[in-house]
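This is upload30.txt. It holds compact mmCIF, C-alpha atoms.
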```
# COMPACT_ATOMS: atom_id res chain seq x y z
CA MET A 184 6.83 9.22 -55.49
CA ALA A 185 3.40 10.71 -55.17
CA THR A 186 1.72 11.66 -58.38
CA LEU A 187 0.37 15.11 -58.98
CA ASP A 188 -3.15 13.92 -58.42
CA ASP A 189 -2.30 12.39 -55.03
CA LEU A 190 -0.69 15.60 -53.90
CA LYS A 191 -3.70 17.59 -54.95
CA LYS A 192 -5.98 15.33 -52.97
CA ARG A 193 -3.79 15.56 -49.90
CA ILE A 194 -3.72 19.33 -50.03
CA ALA A 195 -7.50 19.40 -50.26
CA SER A 196 -7.90 17.05 -47.29
CA VAL A 197 -5.46 18.95 -45.08
CA LYS A 198 -7.26 22.15 -45.94
CA SER A 199 -10.61 20.74 -44.90
CA THR A 200 -9.13 19.45 -41.65
CA GLN A 201 -7.79 22.92 -41.07
CA LYS A 202 -11.25 24.33 -41.54
CA ILE A 203 -12.59 22.01 -38.87
CA THR A 204 -9.87 22.81 -36.35
CA LYS A 205 -10.33 26.49 -37.02
CA ALA A 206 -14.05 26.23 -36.38
CA MET A 207 -13.44 24.24 -33.20
CA LYS A 208 -11.05 26.90 -32.01
CA MET A 209 -13.65 29.61 -32.55
CA VAL A 210 -16.30 27.61 -30.71
CA ALA A 211 -13.90 26.93 -27.86
CA ALA A 212 -13.05 30.62 -27.65
CA ALA A 213 -16.71 31.56 -27.36
CA LYS A 214 -17.36 28.87 -24.80
CA LEU A 215 -14.25 29.81 -22.88
CA ARG A 216 -15.49 33.33 -22.40
CA ARG A 217 -18.75 32.05 -21.00
CA ALA A 218 -17.03 29.50 -18.81
CA GLN A 219 -14.69 32.14 -17.47
CA GLU A 220 -17.57 34.45 -16.69
CA ASN A 221 -19.33 31.64 -14.85
CA ALA A 222 -16.22 30.83 -12.90
CA GLU A 223 -15.92 34.44 -11.85
CA LYS A 224 -19.56 34.71 -10.90
CA GLY A 225 -19.27 31.60 -8.77
CA ARG A 226 -16.29 32.88 -6.87
CA PRO A 227 -18.01 35.09 -4.24
CA TYR A 228 -20.09 32.19 -3.00
CA SER A 229 -17.20 29.83 -2.39
CA GLU A 230 -15.08 32.60 -0.92
CA LYS A 231 -17.76 33.65 1.54
CA MET A 232 -18.42 30.05 2.42
CA ASN A 233 -14.75 29.54 3.09
CA ASN A 234 -14.55 32.62 5.27
CA ILE A 235 -17.51 31.64 7.37
CA ILE A 236 -16.12 28.17 7.88
CA LEU A 237 -12.77 29.61 8.90
CA ASN A 238 -14.44 31.85 11.42
CA LEU A 239 -16.50 29.00 12.73
CA SER A 240 -13.73 26.47 13.04
CA SER A 241 -11.48 28.93 14.84
CA GLY A 242 -14.30 29.64 17.28
CA ILE A 243 -15.20 26.06 17.93
CA SER A 244 -15.03 25.19 21.61
CA ASP A 245 -13.75 21.66 21.91
CA LYS A 246 -11.83 20.15 19.07
CA GLU A 247 -12.50 16.63 20.29
CA ASN A 248 -16.15 16.67 19.38
CA ALA A 249 -15.78 18.70 16.23
CA PRO A 250 -17.75 17.36 13.27
CA LYS A 251 -15.96 14.52 11.56
CA LEU A 252 -16.07 16.27 8.21
CA LEU A 253 -13.75 18.88 9.67
CA SER A 254 -11.48 16.85 11.89
CA GLY A 255 -11.50 13.55 10.03
CA THR A 256 -12.21 10.09 11.32
CA GLY A 257 -8.93 9.96 13.14
CA GLU A 258 -7.70 7.32 10.75
CA ASP A 259 -5.90 7.43 7.47
CA LYS A 260 -6.55 4.10 5.84
CA VAL A 261 -8.97 4.49 2.99
CA HIS A 262 -8.53 7.28 0.50
CA LEU A 263 -11.30 8.40 -1.80
CA CYS A 264 -10.23 10.27 -4.90
CA ILE A 265 -12.59 12.25 -7.06
CA VAL A 266 -11.11 12.71 -10.52
CA LEU A 267 -12.82 15.46 -12.50
CA THR A 268 -12.25 15.33 -16.24
CA SER A 269 -14.11 16.37 -19.36
CA ASP A 270 -16.64 14.43 -21.40
CA ARG A 271 -15.13 15.35 -24.72
CA GLY A 272 -11.74 14.84 -26.23
CA LEU A 273 -9.63 16.96 -28.56
CA CYS A 274 -8.54 19.30 -25.83
CA GLY A 275 -4.79 18.83 -25.80
CA GLY A 276 -3.21 17.60 -22.61
CA PHE A 277 -6.14 18.62 -20.45
CA ASN A 278 -7.31 15.17 -19.36
CA THR A 279 -3.89 13.59 -19.50
CA ASN A 280 -2.49 16.14 -17.07
CA ILE A 281 -5.17 15.46 -14.49
CA ILE A 282 -4.77 11.72 -14.88
CA LYS A 283 -1.01 11.98 -14.54
CA LYS A 284 -1.36 13.92 -11.32
CA ALA A 285 -3.95 11.51 -10.02
CA LYS A 286 -1.91 8.44 -10.94
CA ALA A 287 1.11 9.76 -9.07
CA TYR A 288 -1.10 10.16 -6.02
CA PHE A 289 -2.62 6.69 -6.45
CA GLN A 290 0.86 5.24 -6.62
CA LYS A 291 1.82 6.96 -3.39
CA ILE A 292 -1.30 5.66 -1.67
CA SER A 293 -0.76 2.08 -2.69
CA ASP A 294 2.94 2.27 -1.82
CA GLU A 295 1.92 3.25 1.68
CA GLY A 296 -0.34 0.21 1.83
CA LYS A 297 -3.57 2.17 2.04
CA THR A 298 -6.81 1.36 0.29
CA LEU A 299 -7.83 3.38 -2.72
CA LYS A 300 -11.30 4.22 -3.95
CA ILE A 301 -11.98 6.28 -7.02
CA ILE A 302 -14.94 8.19 -8.32
CA THR A 303 -14.57 9.54 -11.83
CA VAL A 304 -16.55 12.52 -13.01
CA GLY A 305 -16.53 12.92 -16.78
CA SER A 306 -16.19 10.03 -19.18
CA LYS A 307 -12.66 10.73 -20.41
CA GLY A 308 -11.19 10.15 -16.98
CA TYR A 309 -12.92 6.81 -16.72
CA ASP A 310 -11.65 5.77 -20.14
CA GLN A 311 -8.08 6.48 -19.16
CA LEU A 312 -8.21 4.97 -15.69
CA LYS A 313 -10.23 1.84 -16.32
CA ARG A 314 -7.31 -0.11 -17.72
CA VAL A 315 -5.24 -0.03 -14.55
CA TYR A 316 -7.63 0.91 -11.77
CA LYS A 317 -10.84 -0.76 -12.88
CA ASP A 318 -11.38 -2.52 -9.55
CA ASP A 319 -10.85 0.62 -7.51
CA ILE A 320 -13.41 2.72 -9.32
CA ILE A 321 -16.52 2.63 -7.19
CA GLU A 322 -18.60 5.04 -9.20
CA ARG A 323 -18.47 6.91 -12.43
CA ILE A 324 -20.50 9.98 -13.16
CA SER A 325 -20.92 11.86 -16.36
CA PHE A 326 -22.80 15.06 -17.00
CA LYS A 327 -22.93 14.74 -20.75
CA ASP A 328 -26.54 15.87 -20.82
CA SER A 329 -26.13 19.16 -19.03
CA LYS A 330 -24.83 21.85 -21.33
CA THR A 331 -23.38 24.13 -18.72
CA VAL A 332 -21.94 23.42 -15.31
CA ASN A 333 -24.71 23.74 -12.76
CA TYR A 334 -24.89 23.51 -9.03
CA LEU A 335 -27.39 20.68 -8.97
CA ASP A 336 -24.86 18.37 -10.62
CA ALA A 337 -22.23 19.36 -8.10
CA GLU A 338 -24.68 18.74 -5.31
CA LYS A 339 -25.31 15.23 -6.58
CA VAL A 340 -21.61 14.46 -6.37
CA GLY A 341 -21.38 16.14 -2.97
CA LYS A 342 -24.28 14.12 -1.58
CA MET A 343 -22.73 10.94 -2.84
CA ILE A 344 -19.47 11.74 -1.09
CA ILE A 345 -21.23 12.55 2.16
CA GLU A 346 -23.30 9.38 2.04
CA ASN A 347 -20.19 7.32 1.59
CA PHE A 348 -18.48 9.21 4.39
CA GLU A 349 -21.34 8.58 6.77
CA LYS A 350 -21.16 4.90 5.98
CA GLU A 351 -17.49 5.17 6.93
CA GLU A 352 -16.39 4.00 3.53
CA PHE A 353 -13.33 6.23 3.54
CA ASP A 354 -11.21 8.48 5.76
CA VAL A 355 -9.68 11.04 3.44
CA CYS A 356 -11.16 12.57 0.32
CA THR A 357 -9.18 14.35 -2.35
CA ILE A 358 -10.35 15.95 -5.58
CA PHE A 359 -8.35 16.31 -8.77
CA TYR A 360 -9.08 19.00 -11.31
CA ASN A 361 -7.41 21.58 -13.51
CA LYS A 362 -7.13 25.10 -12.20
CA PHE A 363 -7.55 27.74 -14.85
CA LYS A 364 -4.65 30.15 -14.86
CA ASN A 365 -4.86 31.47 -18.39
CA VAL A 366 -5.62 30.20 -21.85
CA ILE A 367 -2.32 28.43 -22.29
CA THR A 368 -1.68 27.33 -18.72
CA GLN A 369 -3.88 25.08 -16.65
CA ILE A 370 -2.46 23.67 -13.50
CA PRO A 371 -3.56 20.23 -12.36
CA GLN A 372 -4.56 20.42 -8.72
CA GLU A 373 -5.06 18.00 -5.91
CA GLN A 374 -7.17 19.32 -3.09
CA GLN A 375 -8.10 17.55 0.07
CA ILE A 376 -11.68 18.24 1.09
CA ILE A 377 -12.22 15.74 3.90
CA PRO A 378 -10.92 16.38 6.50
CA LEU A 379 -10.97 20.03 5.60
CA LYS A 380 -7.68 21.83 5.48
CA THR A 381 -8.18 25.29 6.84
CA SER A 382 -4.62 26.53 6.81
CA GLU A 383 -4.76 27.74 3.19
CA ALA A 384 -6.47 31.04 3.74
CA GLU A 385 -5.33 31.72 7.26
CA GLU A 386 -4.49 35.35 6.59
CA ASN A 387 -8.12 36.15 5.79
CA SER A 388 -9.46 34.90 9.06
CA SER A 389 -10.26 37.85 11.21
CA GLU A 390 -10.52 37.73 14.94
CA ASP A 391 -14.12 38.84 15.00
CA ASN A 392 -16.43 37.85 17.72
CA TYR A 393 -19.50 36.47 16.14
CA GLU A 394 -22.71 35.53 17.72
CA PHE A 395 -23.88 32.13 16.61
CA GLU A 396 -27.43 30.98 16.40
CA PRO A 397 -27.74 28.06 17.02
CA ASP A 398 -24.30 27.21 18.40
CA GLU A 399 -21.13 26.75 16.38
CA ASP A 400 -21.19 22.99 16.28
CA GLU A 401 -24.65 22.85 14.87
CA ILE A 402 -24.03 25.47 12.22
CA LEU A 403 -20.81 23.79 11.28
CA SER A 404 -22.37 20.38 10.89
CA ASN A 405 -24.99 21.97 8.67
CA LEU A 406 -22.49 23.95 6.70
CA LEU A 407 -19.75 21.42 6.03
CA PRO A 408 -21.78 19.16 3.74
CA LYS A 409 -22.71 22.26 1.75
CA ASN A 410 -19.09 23.23 1.58
CA ILE A 411 -18.25 19.90 -0.02
CA SER A 412 -20.73 20.57 -2.81
CA THR A 413 -19.41 24.10 -3.13
CA GLN A 414 -15.86 22.89 -3.49
CA ILE A 415 -16.90 20.35 -6.11
CA PHE A 416 -18.82 23.05 -7.93
CA LYS A 417 -15.84 25.35 -7.86
CA ALA A 418 -13.64 22.59 -9.22
CA MET A 419 -16.17 21.90 -11.96
CA LEU A 420 -16.25 25.55 -12.96
CA GLU A 421 -12.47 25.80 -13.06
CA ASN A 422 -12.36 22.58 -15.00
CA SER A 423 -14.80 23.72 -17.65
CA ALA A 424 -12.89 26.96 -18.18
CA SER A 425 -9.65 24.99 -18.37
CA GLU A 426 -11.13 22.51 -20.81
CA GLN A 427 -12.17 25.22 -23.21
CA GLY A 428 -8.88 27.04 -22.83
CA SER A 429 -6.93 23.89 -23.43
CA ARG A 430 -9.05 23.00 -26.43
CA MET A 431 -8.64 26.47 -27.83
CA SER A 432 -4.86 26.39 -27.73
CA ALA A 433 -4.76 22.80 -28.98
CA MET A 434 -6.94 23.69 -31.93
CA ASP A 435 -4.92 26.82 -32.56
CA ASN A 436 -1.80 24.68 -32.80
CA ALA A 437 -3.54 22.20 -35.03
CA THR A 438 -4.67 24.96 -37.37
CA ARG A 439 -1.16 26.33 -37.56
CA ASN A 440 0.35 22.92 -38.21
CA ALA A 441 -2.17 22.28 -40.93
CA GLY A 442 -1.20 25.58 -42.51
CA GLU A 443 2.46 24.59 -42.50
CA MET A 444 1.61 21.27 -44.00
CA VAL A 445 -0.42 22.88 -46.79
CA ASP A 446 2.54 25.16 -47.59
CA LYS A 447 4.94 22.24 -47.77
CA LEU A 448 2.63 20.18 -49.91
CA THR A 449 1.99 23.09 -52.24
CA ILE A 450 5.71 23.56 -52.82
CA GLU A 451 6.11 19.87 -53.48
CA TYR A 452 3.13 19.96 -55.83
CA ASN A 453 4.53 22.91 -57.79
CA ARG A 454 7.98 21.35 -58.02
CA SER A 455 6.73 18.06 -59.36
CA ARG A 456 4.44 19.85 -61.78
CA GLN A 457 7.41 21.86 -63.03
CA ALA A 458 9.53 18.71 -63.24
CA ALA A 459 6.88 17.02 -65.33
CA ILE A 460 6.70 19.97 -67.71
CA THR A 461 10.50 20.08 -68.03
CA LYS A 462 10.58 16.38 -68.67
CA GLU A 463 8.00 16.68 -71.42
CA LEU A 464 9.88 19.57 -73.02
CA ILE A 465 13.12 17.61 -73.02
CA GLU A 466 11.35 14.70 -74.63
CA ILE A 467 9.86 16.91 -77.35
CA ILE A 468 13.17 18.69 -78.05
CA SER A 469 15.24 15.52 -78.16
CA GLY A 470 12.57 13.94 -80.35
CA ALA A 471 12.78 16.89 -82.77
CA GLU A 472 16.60 16.78 -82.78
CA SER A 473 16.79 13.14 -83.76
CA LEU A 474 14.79 13.72 -86.90
CA MET B 1492 -27.13 59.43 10.22
CA SER B 1493 -28.45 57.09 7.67
CA GLU B 1494 -29.94 53.85 8.78
CA GLU B 1495 -29.12 51.99 5.63
CA PHE B 1496 -26.82 49.04 5.27
CA LYS B 1497 -25.68 46.73 2.57
CA ILE B 1498 -27.11 43.37 1.62
CA GLU B 1499 -25.66 40.84 -0.72
CA ILE B 1500 -27.35 37.61 -1.71
CA VAL B 1501 -25.21 35.13 -3.56
CA ASN B 1502 -25.99 31.71 -4.90
CA PRO B 1503 -23.42 29.29 -6.26
CA GLU B 1504 -23.87 30.33 -9.86
CA ASN B 1505 -23.87 34.09 -9.54
CA SER B 1506 -24.47 37.06 -7.35
CA PHE B 1507 -28.22 37.22 -7.01
CA LEU B 1508 -28.71 40.62 -5.51
CA SER B 1509 -26.63 43.42 -4.12
CA ARG B 1510 -28.12 46.57 -2.65
CA GLU B 1511 -26.90 49.31 -0.38
CA ASP B 1512 -30.12 51.00 0.57
CA VAL B 1513 -31.85 48.56 2.87
CA THR B 1514 -33.10 49.60 6.27
CA GLU B 1515 -34.34 46.32 7.63
CA VAL B 1516 -34.12 42.67 6.68
CA VAL B 1517 -36.15 39.85 8.17
CA VAL B 1518 -34.66 36.41 7.63
CA PRO B 1519 -36.16 33.02 8.50
CA ALA B 1520 -33.34 31.86 10.78
CA PHE B 1521 -33.28 28.32 12.00
CA GLU B 1522 -34.58 29.20 15.43
CA GLY B 1523 -37.20 31.66 14.29
CA GLU B 1524 -37.53 34.81 12.28
CA MET B 1525 -34.85 37.36 12.90
CA GLY B 1526 -34.98 41.04 12.08
CA ILE B 1527 -31.71 42.76 11.30
CA LEU B 1528 -31.24 46.50 11.52
CA LYS B 1529 -28.17 48.62 11.09
CA ASP B 1530 -25.36 48.05 13.63
CA HIS B 1531 -26.60 44.62 14.55
CA ILE B 1532 -23.97 42.54 16.34
CA SER B 1533 -21.90 40.26 14.10
CA ILE B 1534 -23.82 37.07 13.68
CA ILE B 1535 -23.79 33.84 11.74
CA SER B 1536 -26.87 31.75 11.45
CA PHE B 1537 -28.49 29.42 9.01
CA LEU B 1538 -31.84 29.54 7.35
CA LYS B 1539 -34.85 27.33 7.19
CA PRO B 1540 -37.30 27.50 4.30
CA GLY B 1541 -39.16 30.78 4.48
CA ILE B 1542 -39.43 34.34 3.27
CA ILE B 1543 -36.68 36.92 3.34
CA LYS B 1544 -38.19 40.38 3.64
CA ILE B 1545 -36.06 43.27 2.56
CA PHE B 1546 -37.23 46.77 3.48
CA SER B 1547 -35.88 49.99 2.14
CA LYS B 1548 -37.28 53.50 2.50
CA SER B 1549 -39.29 53.25 -0.66
CA ARG B 1550 -40.23 49.64 -1.05
CA GLU B 1551 -40.41 46.13 0.30
CA ASP B 1552 -39.24 42.99 -1.47
CA ASN B 1553 -39.95 39.40 -0.59
CA TYR B 1554 -37.89 36.40 -1.55
CA TYR B 1555 -38.54 32.74 -0.98
CA VAL B 1556 -35.51 30.71 0.16
CA GLU B 1557 -35.13 27.04 0.91
CA ASP B 1558 -31.86 27.00 2.75
CA GLY B 1559 -28.77 29.08 3.30
CA ILE B 1560 -26.46 30.82 5.68
CA VAL B 1561 -26.53 34.44 6.79
CA GLU B 1562 -23.57 36.37 8.00
CA PHE B 1563 -23.78 39.93 9.30
CA LYS B 1564 -20.59 41.86 9.87
CA ASN B 1565 -19.70 45.56 9.79
CA ASN B 1566 -23.09 46.45 8.39
CA ASN B 1567 -22.71 43.96 5.59
CA LEU B 1568 -25.32 41.27 5.38
CA SER B 1569 -24.37 38.29 3.26
CA VAL B 1570 -26.83 35.57 2.46
CA LEU B 1571 -25.54 32.40 0.87
CA THR B 1572 -28.24 30.23 -0.55
CA SER B 1573 -28.60 27.65 -3.25
CA SER B 1574 -32.26 28.25 -4.00
CA ILE B 1575 -33.92 31.64 -3.95
CA PHE B 1576 -36.82 33.15 -5.89
CA ASN B 1577 -38.34 36.57 -5.99
CA ILE B 1578 -41.93 36.08 -4.93
CA LYS B 1579 -43.12 38.35 -7.71
CA ASP B 1580 -41.53 36.08 -10.31
CA ILE B 1581 -42.61 32.77 -8.92
CA ASP B 1582 -45.85 31.44 -10.37
CA LYS B 1583 -48.51 29.23 -8.91
CA ASP B 1584 -47.51 26.18 -10.91
CA LYS B 1585 -43.99 26.32 -9.60
CA ILE B 1586 -45.25 26.62 -6.04
CA SER B 1587 -47.56 23.65 -6.44
CA GLU B 1588 -44.72 21.67 -7.92
CA LEU B 1589 -42.42 22.46 -5.00
CA LEU B 1590 -45.22 21.75 -2.59
CA ALA B 1591 -45.94 18.34 -4.08
CA GLN B 1592 -42.27 17.52 -3.91
CA ALA B 1593 -41.99 18.59 -0.30
CA GLU B 1594 -45.08 16.65 0.70
CA GLU B 1595 -43.64 13.54 -0.86
CA ASN B 1596 -40.41 14.05 1.05
CA SER B 1597 -42.24 14.45 4.32
CA LYS B 1598 -44.03 11.13 3.83
CA ASN B 1599 -40.69 9.45 3.43
CA SER B 1600 -40.19 7.73 6.77
CA ASP B 1601 -36.43 7.42 6.97
CA ILE B 1602 -35.55 11.09 7.16
CA THR B 1603 -34.05 12.57 10.27
CA ASP B 1604 -36.06 14.69 12.67
CA GLN B 1605 -34.22 17.79 11.64
CA ASN B 1606 -34.93 17.22 7.96
CA LYS B 1607 -38.53 16.44 8.77
CA TYR B 1608 -38.81 19.74 10.60
CA LEU B 1609 -37.30 21.58 7.64
CA VAL B 1610 -39.61 19.91 5.15
CA ASP B 1611 -42.65 20.68 7.29
CA GLN B 1612 -41.56 24.30 7.46
CA LYS B 1613 -41.27 24.36 3.72
CA ILE B 1614 -44.78 22.98 3.30
CA ASP B 1615 -46.18 25.62 5.64
CA VAL B 1616 -44.46 28.46 3.82
CA LEU B 1617 -45.47 27.20 0.41
CA LYS B 1618 -49.07 26.85 1.53
CA THR B 1619 -49.19 30.47 2.60
CA LEU B 1620 -47.85 31.51 -0.78
CA ASN B 1621 -50.30 29.42 -2.70
```

What's the structure tokens form of this structure?
Amino acid sequence: MATLDDLKKRIASVKSTQKITKAMKMVAAAKLRRAQENAEKGRPYSEKMNNIILNLSSGISDKENAPKLLSGTGEDKVHLCIVLTSDRGLCGGFNTNIIKKAKAYFQKISDEGKTLKIITVGSKGYDQLKRVYKDDIIERISFKDSKTVNYLDAEKVGKMIIENFEKEEFDVCTIFYNKFKNVITQIPQEQQIIPLKTSEAEENSSEDNYEFEPDEDEILSNLLPKNISTQIFKAMLENSASEQGSRMSAMDNATRNAGEMVDKLTIEYNRSRQAAITKELIEIISGAESL
Amino acid sequence: MSEEFKIEIVNPENSFLSREDVTEVVVPAFEGEMGILKDHISIISFLKPGIIKIFSKSREDNYYVEDGIVEFKNNNLSVLTSSIFNIKDIDKDKISELLAQAEENSKNSDITDQNKYLVDQKIDVLKTLN
């Protein structure tokens, strides 16, 4: 049985842990608001980009010679997966959920006998994947130094993907990230970016007749690489909002659990204190009686 | 009838500018400068490094862009770009820095002709600003 002193120490330590988790929750809440704002501000760009590409690809004259980024290489052998995770831990199931989703996909790929290549963005993803998929990871990127998500970082990843694509290193490219729904729900997503799937937003595509200058093919081949970076950037924005949201609810839970624990320990502490007093009283009384 | 239309410039991180009172916009399209007035035909084009000039009844604003896409539809002009500066805000040091960078790129021998053309354009524009 724990002595009174031990209990006291435990209560103090749980309380200080609670202070830390509470502070982390506050910080995450503040960061979440900023991340959410950024995600919203970034939305018009990717939406417009998407619309233009839809318009272009529906207007393209011959599908045979369409840019490879849009139509694919015609093969389906090598899959490149970009796994976007966070650089920091203590954010609940955030990273685990992405990894789970990605691993299911990896399994499917290798069951079908296709080759797998992985790029991890964010150090936590690498840590979790390196045990099983070490040989498949061709690159790992981490943006620990940049405080906020910025487009230049996304562009770096985008350029890397395009370079690899031009060297015909892979046929299909998929990105994994968490989509921010609200503070308590983040949905792990897999999104194929090469070849581009245009069916998603079909209802937005209007039947406008645009004039193109220069012609569609040329604009498209200029635009598609940019779209890759834009998609990555969008995923990074969603991810950072999700990370903060996930951390906030995880820390909220931790704070609450710590509170419960303090209550329990306090009751135990009071009981054993009372027991000790009672015991002492009994000893004194029975000592007095025997005289 | 008014001759004004709407312009929106967005970059990946936020919406850079949104105005409804412009009368004419000149953009550095890939195949040469292009002036856009109200009721222009729907068009999509992409930009080379250059100056976007935005005219309204009362004033004229100039912005330096490095790349981007323009879309004009139903009297809405959208410009998507990843690098844009208001010329009033950009200082000489920044210009020289960009210029030095561009000149280094143009010396690089293994760039494609198209990229070379774009970099040369950039150098020209930056020189006029300097």

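Within 6 Å of chain B, counting only C-alpha atoms, chain A contributes Lys224, Gly225, Tyr228, Tyr393, Glu394, Phe395 and Glu396 of chain A.
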
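One distance worth recording is that between atom CA of Glu1588 of chain B and atom CA of Pro1519 of chain B, which is 21.7 Å.
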
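The space separating atom CA of Asp188 of chain A from atom CA of Thr200 of chain A comes to 18.6 Å.
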
Around the point (-35.2, 47.6, 7.3) (coordinates from the file), which residues reach within 10 Å if we count all atoms listed in the file? Answer as an mmCIF file with C-alpha atoms, in the coordinates of the input.
```
data_model
loop_
_atom_site.group_PDB
_atom_site.id
_atom_site.type_symbol
_atom_site.label_atom_id
_atom_site.label_comp_id
_atom_site.auth_asym_id
_atom_site.auth_seq_id
_atom_site.Cartn_x
_atom_site.Cartn_y
_atom_site.Cartn_z
ATOM 1 C CA GLU B 1494 -29.940 53.850 8.780
ATOM 2 C CA GLU B 1495 -29.120 51.990 5.630
ATOM 3 C CA PHE B 1496 -26.820 49.040 5.270
ATOM 4 C CA ASP B 1512 -30.120 51.000 0.570
ATOM 5 C CA VAL B 1513 -31.850 48.560 2.870
ATOM 6 C CA THR B 1514 -33.100 49.600 6.270
ATOM 7 C CA GLU B 1515 -34.340 46.320 7.630
ATOM 8 C CA VAL B 1516 -34.120 42.670 6.680
ATOM 9 C CA VAL B 1517 -36.150 39.850 8.170
ATOM 10 C CA GLY B 1526 -34.980 41.040 12.080
ATOM 11 C CA ILE B 1527 -31.710 42.760 11.300
ATOM 12 C CA LEU B 1528 -31.240 46.500 11.520
ATOM 13 C CA LYS B 1529 -28.170 48.620 11.090
ATOM 14 C CA LYS B 1544 -38.190 40.380 3.640
ATOM 15 C CA ILE B 1545 -36.060 43.270 2.560
ATOM 16 C CA PHE B 1546 -37.230 46.770 3.480
ATOM 17 C CA SER B 1547 -35.880 49.990 2.140
ATOM 18 C CA LYS B 1548 -37.280 53.500 2.500
ATOM 19 C CA ARG B 1550 -40.230 49.640 -1.050
ATOM 20 C CA GLU B 1551 -40.410 46.130 0.300
#
```

Env of Thr331 of chain A: 10 Å cut, atoms = only C-alpha atoms, seq-sep filter 4 positions within chain, self excluded. Answer as a ChimeraX atom specification. /A:214,217-218,221,326-327,420,423

Write out as a PyMOL selection string each polymer residue whose atoms come within 12 Å of segment 314-320 of chain A, counting all atoms listed in the file; drop sequence neighbours fewer than 3 positions from it. chain A and resi 261-266+282+285-286+289-290+293+298-304+308-311+323-324

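The coordinates place atom CA of Gln457 of chain A at 22.4 Å from atom CA of Glu472 of chain A.
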
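Distances from B:Lys1579, B:Lys1585, B:His1531, B:Lys1539 to Tyr1608 of chain B were compared using only C-alpha atoms, and the smallest one belongs to B:Lys1539.
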
Which residues, written as a PyMOL selection string, have at least one atom at most 9 Å from Leu239 of chain A, with all atoms listed in the file counted and residues fewer than 2 positions away on the same chain left out? (chain A and resi 234-237+241-243+393+395+399-400+402-403) or (chain B and resi 1535)

Could those residues be written to a file, using C-alpha atoms, as an mmCIF file, keeping the file's coordinate frame?
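Here's the written file again-v9.cif:
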```
data_model
loop_
_atom_site.group_PDB
_atom_site.id
_atom_site.type_symbol
_atom_site.label_atom_id
_atom_site.label_comp_id
_atom_site.auth_asym_id
_atom_site.auth_seq_id
_atom_site.Cartn_x
_atom_site.Cartn_y
_atom_site.Cartn_z
ATOM 1 C CA ASN A 234 -14.550 32.620 5.270
ATOM 2 C CA ILE A 235 -17.510 31.640 7.370
ATOM 3 C CA ILE A 236 -16.120 28.170 7.880
ATOM 4 C CA LEU A 237 -12.770 29.610 8.900
ATOM 5 C CA SER A 241 -11.480 28.930 14.840
ATOM 6 C CA GLY A 242 -14.300 29.640 17.280
ATOM 7 C CA ILE A 243 -15.200 26.060 17.930
ATOM 8 C CA TYR A 393 -19.500 36.470 16.140
ATOM 9 C CA PHE A 395 -23.880 32.130 16.610
ATOM 10 C CA GLU A 399 -21.130 26.750 16.380
ATOM 11 C CA ASP A 400 -21.190 22.990 16.280
ATOM 12 C CA ILE A 402 -24.030 25.470 12.220
ATOM 13 C CA LEU A 403 -20.810 23.790 11.280
ATOM 14 C CA ILE B 1535 -23.790 33.840 11.740
#
```

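In this comparison, which uses all atoms listed in the file, the residue of B:Leu1538, B:Val1616, B:Ala1591, B:Leu1609 approaching Ile1578 of chain B most closely is B:Val1616.
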
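The protein and nucleic acid residues lying at most 8 Å from Gln369 of chain A are Phe277, Asn361, Lys362, Phe363, Lys364, Ser425 and Ser429 of chain A, with only C-alpha atoms considered and sequence neighbours fewer than 5 positions away removed.
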
Between B:Lys1583, B:Asn1565, B:Ser1549, B:Gly1523, single out the one closest to Ile1498 of chain B, counting only C-alpha atoms. B:Asn1565

Applying 7 Å and only C-alpha atoms, which residues near Ile1575 of chain B remain after dropping the ones on its own chain fewer than 2 positions away? List them as a ChimeraX atom specification. /B:1554-1557,1572-1573,1577

Is it possible to get the residues within 10 Å of (-4.8, 26.5, -36.8) (coordinates as in the file, counting all atoms listed in the file) written as a PyMOL selection string? chain A and resi 200-208+431-443

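For the choices B:Gln1612, B:Leu1620, B:Ile1543, B:Asp1558, the atom-to-atom distance to Met1525 of chain B is smallest for B:Ile1543 when using only C-alpha atoms.
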
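Minimum atom-to-atom distance to Leu1589 of chain B, evaluated using all atoms listed in the file, belongs to B:Ile1614 out of B:Ser1509, B:Pro1540, B:Glu1499, B:Ile1614.
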
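Considering only C-alpha atoms, the residue among A:Asp270, A:Pro408, A:Lys260, A:Val340 positioned nearest to Glu352 of chain A is A:Lys260.
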